[in-house]
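Some notes on the structure that comes next.
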Amino acid sequence: MKNDLATGPRWMGDAGKGATSERLGIFLRKLMSHSRLSTADQEAVLALPYTIRRLGPNDIIFREGEKAVICPILLSGFAYRHKSAADGGRQIVSLKIPGDALDFQSLYLEVADHSLQALTDVELAVFPLKELEKIVAPRPGLARAVLVDILVEASIGREWLLNLGRRNALARLAHLLCELNHRITRIAGEPLAGLELPLTQEQLADLLGLTPVHVNRTIKTLEREGAVKRVSRRLTIGNLDTLQHIAGFNDLYLHRNDS
């Protein structure tokens, strides 16, 4: 995977105001992938005061029921949202990639209705919500970009619901891999040499609504089709065209360049 999408070291705590505005470049690229921003809006984003936080795999970013006072931006690594049932069962409801704002909704909703957790080593730029509110409120273009980002995330959620409810196991996994490849390629700005999926079979089971055994069988089928490759516990895309055919993939729901 590209170096700017690679994972970072474990937790290192706060680092004052970001060393340079360049650290937020990936976040700005994400916003501008779906919204036009004026030069002044771009400068306002890059001037936001933030602290750097680094967490390790499975570290909690925030828990369901907590009151939000910050908005973390994922600079590197992967994170995921999840909900838990009364019996302890877990459903992963979204995957977050570098460039993603992890909690834009807290600009409008005060209490988290889900938990957010690091999937890999992650590096976060953390804004106080009050600082984000200050630059968004007087800037209609930037406010629209935040709203579009929230709406695109909701669109992805609807596609995931369709994935769980109406696609078979093979198409579910293929569709997930296609989506991640498209989302990461969009932020990287060029085709990826390869996409490595950092999820374990147990985590894939929690995401796809399958058992770990069923996930293993599904991966083996995709391997036989040449759609994926597995080395040790790492899964990568083998043939993207084959994978997209199996998934019946259409990227309309990702709303590329909606502006």
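Within each chain, counting starts at residue 1; across the structure tokens, chains are named A, B, ... in the order shown, with ligands numbered 1 upward in that order.
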Distance query Leu240 of chain A at most 10 Å, only C-alpha atoms, self and fewer than 4 positions along chain excluded, as a PyMOL selection string: chain A and resi 174+177-178+181+194+226-228+244-246
Output N, CA and C atoms for every residue in that selection, as a short mmCIF file (atom, residue, chain, number, x, y, z; two decimals), in the first residue's frame.
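So the final result, stored in result_27.cif, reads:
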```cif
data_model
loop_
_atom_site.label_atom_id
_atom_site.label_comp_id
_atom_site.auth_asym_id
_atom_site.auth_seq_id
_atom_site.Cartn_x
_atom_site.Cartn_y
_atom_site.Cartn_z
N ALA A 174 -16.54 -9.87 -2.03
CA ALA A 174 -16.02 -9.24 -3.24
C ALA A 174 -16.38 -7.76 -3.28
N LEU A 177 -14.24 -5.64 -0.88
CA LEU A 177 -12.90 -5.41 -1.40
C LEU A 177 -12.90 -4.38 -2.53
N CYS A 178 -13.89 -4.46 -3.41
CA CYS A 178 -14.01 -3.47 -4.49
C CYS A 178 -14.19 -2.07 -3.92
N ASN A 181 -10.96 -0.71 -2.37
CA ASN A 181 -10.02 -0.37 -3.42
C ASN A 181 -10.38 0.98 -4.07
N GLY A 194 -1.50 -2.70 -4.99
CA GLY A 194 -2.19 -3.81 -4.36
C GLY A 194 -2.88 -3.32 -3.09
N GLY A 226 -9.18 -16.60 -8.84
CA GLY A 226 -8.10 -15.66 -9.14
C GLY A 226 -8.40 -14.24 -8.73
N ALA A 227 -9.50 -14.02 -8.00
CA ALA A 227 -9.92 -12.67 -7.62
C ALA A 227 -9.11 -12.12 -6.45
N VAL A 228 -8.64 -13.00 -5.57
CA VAL A 228 -7.84 -12.57 -4.42
C VAL A 228 -6.63 -13.48 -4.27
N GLN A 244 -14.83 -7.43 -9.43
CA GLN A 244 -15.96 -6.55 -9.71
C GLN A 244 -17.10 -7.31 -10.39
N HIS A 245 -16.76 -8.26 -11.23
CA HIS A 245 -17.79 -9.07 -11.88
C HIS A 245 -18.53 -9.93 -10.85
N ILE A 246 -17.80 -10.54 -9.94
CA ILE A 246 -18.43 -11.37 -8.91
C ILE A 246 -19.33 -10.52 -8.01
#
```
Within 12 Å of His34 of chain A using only C-alpha atoms, minus same-chain residues under 5 positions, as an NGL selection string: :A and (27-29 or 141-142 or 144-153 or 183 or 186-187 or 254-259)
Shell of 9 Å around Ala247 of chain A, only C-alpha atoms, local chain residues under 2 positions omitted, as a list in words: Arg167, Leu170, Ala171, Arg172, Leu173, Ala174, His175, Leu176, Cys178, Thr242, Leu243, Gln244, His245, Phe249 and Asn250 of chain A
Which segment 143-248 of chain A residues have any atom within 10 Å of an atom of segment 73-84 of chain A, and for each, what is the nearest pair of atoms with distance in Å to one decimal, counting only C-alpha atoms, rows sorted by chain and number, as a tab-separated table?
```
residue	atom	partner	partner_atom	distance
A:Leu197	CA	A:Phe78	CA	9.8
A:Pro198	CA	A:Phe78	CA	8.0
A:Leu199	CA	A:Phe78	CA	9.6
A:Asp206	CA	A:His82	CA	9.1
A:Leu207	CA	A:His82	CA	8.9
```
Could you write out the selected residues, including all heavy atoms, as an mmCIF file, in the first residue's frame?
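So again_8.cif came out as:
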```
data_model
loop_
_atom_site.group_PDB
_atom_site.id
_atom_site.type_symbol
_atom_site.label_atom_id
_atom_site.label_comp_id
_atom_site.auth_asym_id
_atom_site.auth_seq_id
_atom_site.Cartn_x
_atom_site.Cartn_y
_atom_site.Cartn_z
ATOM 1 N N LEU A 197 -5.978 -6.264 2.835
ATOM 2 C CA LEU A 197 -7.086 -6.141 3.777
ATOM 3 C C LEU A 197 -6.599 -6.470 5.185
ATOM 4 O O LEU A 197 -6.121 -7.581 5.427
ATOM 5 C CB LEU A 197 -8.220 -7.090 3.377
ATOM 6 C CG LEU A 197 -9.538 -6.913 4.121
ATOM 7 C CD1 LEU A 197 -10.157 -5.562 3.790
ATOM 8 C CD2 LEU A 197 -10.518 -8.030 3.755
ATOM 9 N N PRO A 198 -6.696 -5.527 6.144
ATOM 10 C CA PRO A 198 -6.139 -5.751 7.474
ATOM 11 C C PRO A 198 -7.097 -6.436 8.452
ATOM 12 O O PRO A 198 -6.849 -6.450 9.646
ATOM 13 C CB PRO A 198 -5.829 -4.325 7.937
ATOM 14 C CG PRO A 198 -6.908 -3.502 7.313
ATOM 15 C CD PRO A 198 -7.202 -4.144 5.977
ATOM 16 N N LEU A 199 -8.208 -6.992 7.954
ATOM 17 C CA LEU A 199 -9.208 -7.612 8.819
ATOM 18 C C LEU A 199 -8.917 -9.099 9.024
ATOM 19 O O LEU A 199 -8.539 -9.802 8.090
ATOM 20 C CB LEU A 199 -10.603 -7.465 8.208
ATOM 21 C CG LEU A 199 -11.185 -6.057 8.169
ATOM 22 C CD1 LEU A 199 -12.148 -5.924 7.010
ATOM 23 C CD2 LEU A 199 -11.883 -5.717 9.470
ATOM 24 N N ASP A 206 -17.835 -10.489 11.572
ATOM 25 C CA ASP A 206 -18.645 -9.465 12.246
ATOM 26 C C ASP A 206 -19.117 -8.391 11.272
ATOM 27 O O ASP A 206 -20.143 -7.747 11.501
ATOM 28 C CB ASP A 206 -17.833 -8.791 13.359
ATOM 29 C CG ASP A 206 -17.646 -9.689 14.575
ATOM 30 O OD1 ASP A 206 -18.375 -10.695 14.681
ATOM 31 O OD2 ASP A 206 -16.773 -9.386 15.402
ATOM 32 N N LEU A 207 -18.389 -8.195 10.200
ATOM 33 C CA LEU A 207 -18.755 -7.190 9.209
ATOM 34 C C LEU A 207 -19.761 -7.728 8.202
ATOM 35 O O LEU A 207 -20.728 -7.050 7.840
ATOM 36 C CB LEU A 207 -17.490 -6.709 8.497
ATOM 37 C CG LEU A 207 -17.555 -5.496 7.584
ATOM 38 C CD1 LEU A 207 -16.164 -4.868 7.444
ATOM 39 C CD2 LEU A 207 -18.081 -5.844 6.208
#
```
Given only C-alpha atoms as the counted atoms, nearest of A:Leu31, A:Leu164, A:Ala154, A:Gln42 to Ala101 of chain A: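 Smallest distance to Ala101 of chain A is found for A:Leu31.
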Counting only C-alpha atoms, the residue of A:Glu66, A:Thr120, A:Leu208, A:Ile26 that sits nearest Gly189 of chain A: A:Ile26
Two-atom distance - atom CA of Gln203 of chain A, atom CA of Lys96 of chain A (Å): 14.1 Å
Just the residues within 9 Å of Gln201 of chain A, please, counting only C-alpha atoms, with nothing from its chain fewer than 6 positions along; format it as a PDB file with N, CA, C and O atoms, in the first residue's frame.
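For reference, part.pdb as written:
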```pdb
ATOM      1  N   THR A 211     -20.232 -16.592   9.601  1.00  0.00           N
ATOM      2  CA  THR A 211     -19.364 -17.215  10.591  1.00  0.00           C
ATOM      3  C   THR A 211     -17.928 -17.189  10.078  1.00  0.00           C
ATOM      4  O   THR A 211     -17.702 -17.121   8.855  1.00  0.00           O
ATOM      5  N   PRO A 212     -16.932 -17.259  10.973  1.00  0.00           N
ATOM      6  CA  PRO A 212     -15.540 -17.312  10.504  1.00  0.00           C
ATOM      7  C   PRO A 212     -15.282 -18.485   9.549  1.00  0.00           C
ATOM      8  O   PRO A 212     -14.502 -18.351   8.597  1.00  0.00           O
ATOM      9  N   VAL A 213     -15.929 -19.621   9.790  1.00  0.00           N
ATOM     10  CA  VAL A 213     -15.766 -20.786   8.910  1.00  0.00           C
ATOM     11  C   VAL A 213     -16.279 -20.467   7.509  1.00  0.00           C
ATOM     12  O   VAL A 213     -15.645 -20.803   6.497  1.00  0.00           O
ATOM     13  N   VAL A 215     -16.561 -17.491   6.186  1.00  0.00           N
ATOM     14  CA  VAL A 215     -15.639 -16.518   5.605  1.00  0.00           C
ATOM     15  C   VAL A 215     -14.440 -17.228   4.991  1.00  0.00           C
ATOM     16  O   VAL A 215     -14.007 -16.912   3.874  1.00  0.00           O
ATOM     17  N   ASN A 216     -13.897 -18.211   5.703  1.00  0.00           N
ATOM     18  CA  ASN A 216     -12.738 -18.955   5.198  1.00  0.00           C
ATOM     19  C   ASN A 216     -13.071 -19.676   3.889  1.00  0.00           C
ATOM     20  O   ASN A 216     -12.285 -19.649   2.930  1.00  0.00           O
ATOM     21  N   ARG A 233      -1.771 -14.630   6.684  1.00  0.00           N
ATOM     22  CA  ARG A 233      -3.105 -14.168   7.078  1.00  0.00           C
ATOM     23  C   ARG A 233      -3.521 -12.898   6.348  1.00  0.00           C
ATOM     24  O   ARG A 233      -4.537 -12.291   6.684  1.00  0.00           O
TER      25      ARG A 233
END
```
Those in segment 42-255 of chain A with strand (DSSP E or B) from DSSP, as a PyMOL selection string: chain A and resi 51-55+60-62+67+70-76+79-84+90-96+101+111+115-118+122-128+196-197+228-231+234-237
Residue set, segment 23-253 of chain A restricted to alpha helix (DSSP H), as a PyMOL selection string: chain A and resi 25-32+39-46+129-136+140-166+169-188+201-208+212-224+240-247
Distance of atom CA of Gly99 of chain A from atom CA of Glu123 of chain A, expressed in Å to one decimal place: 10.8 Å
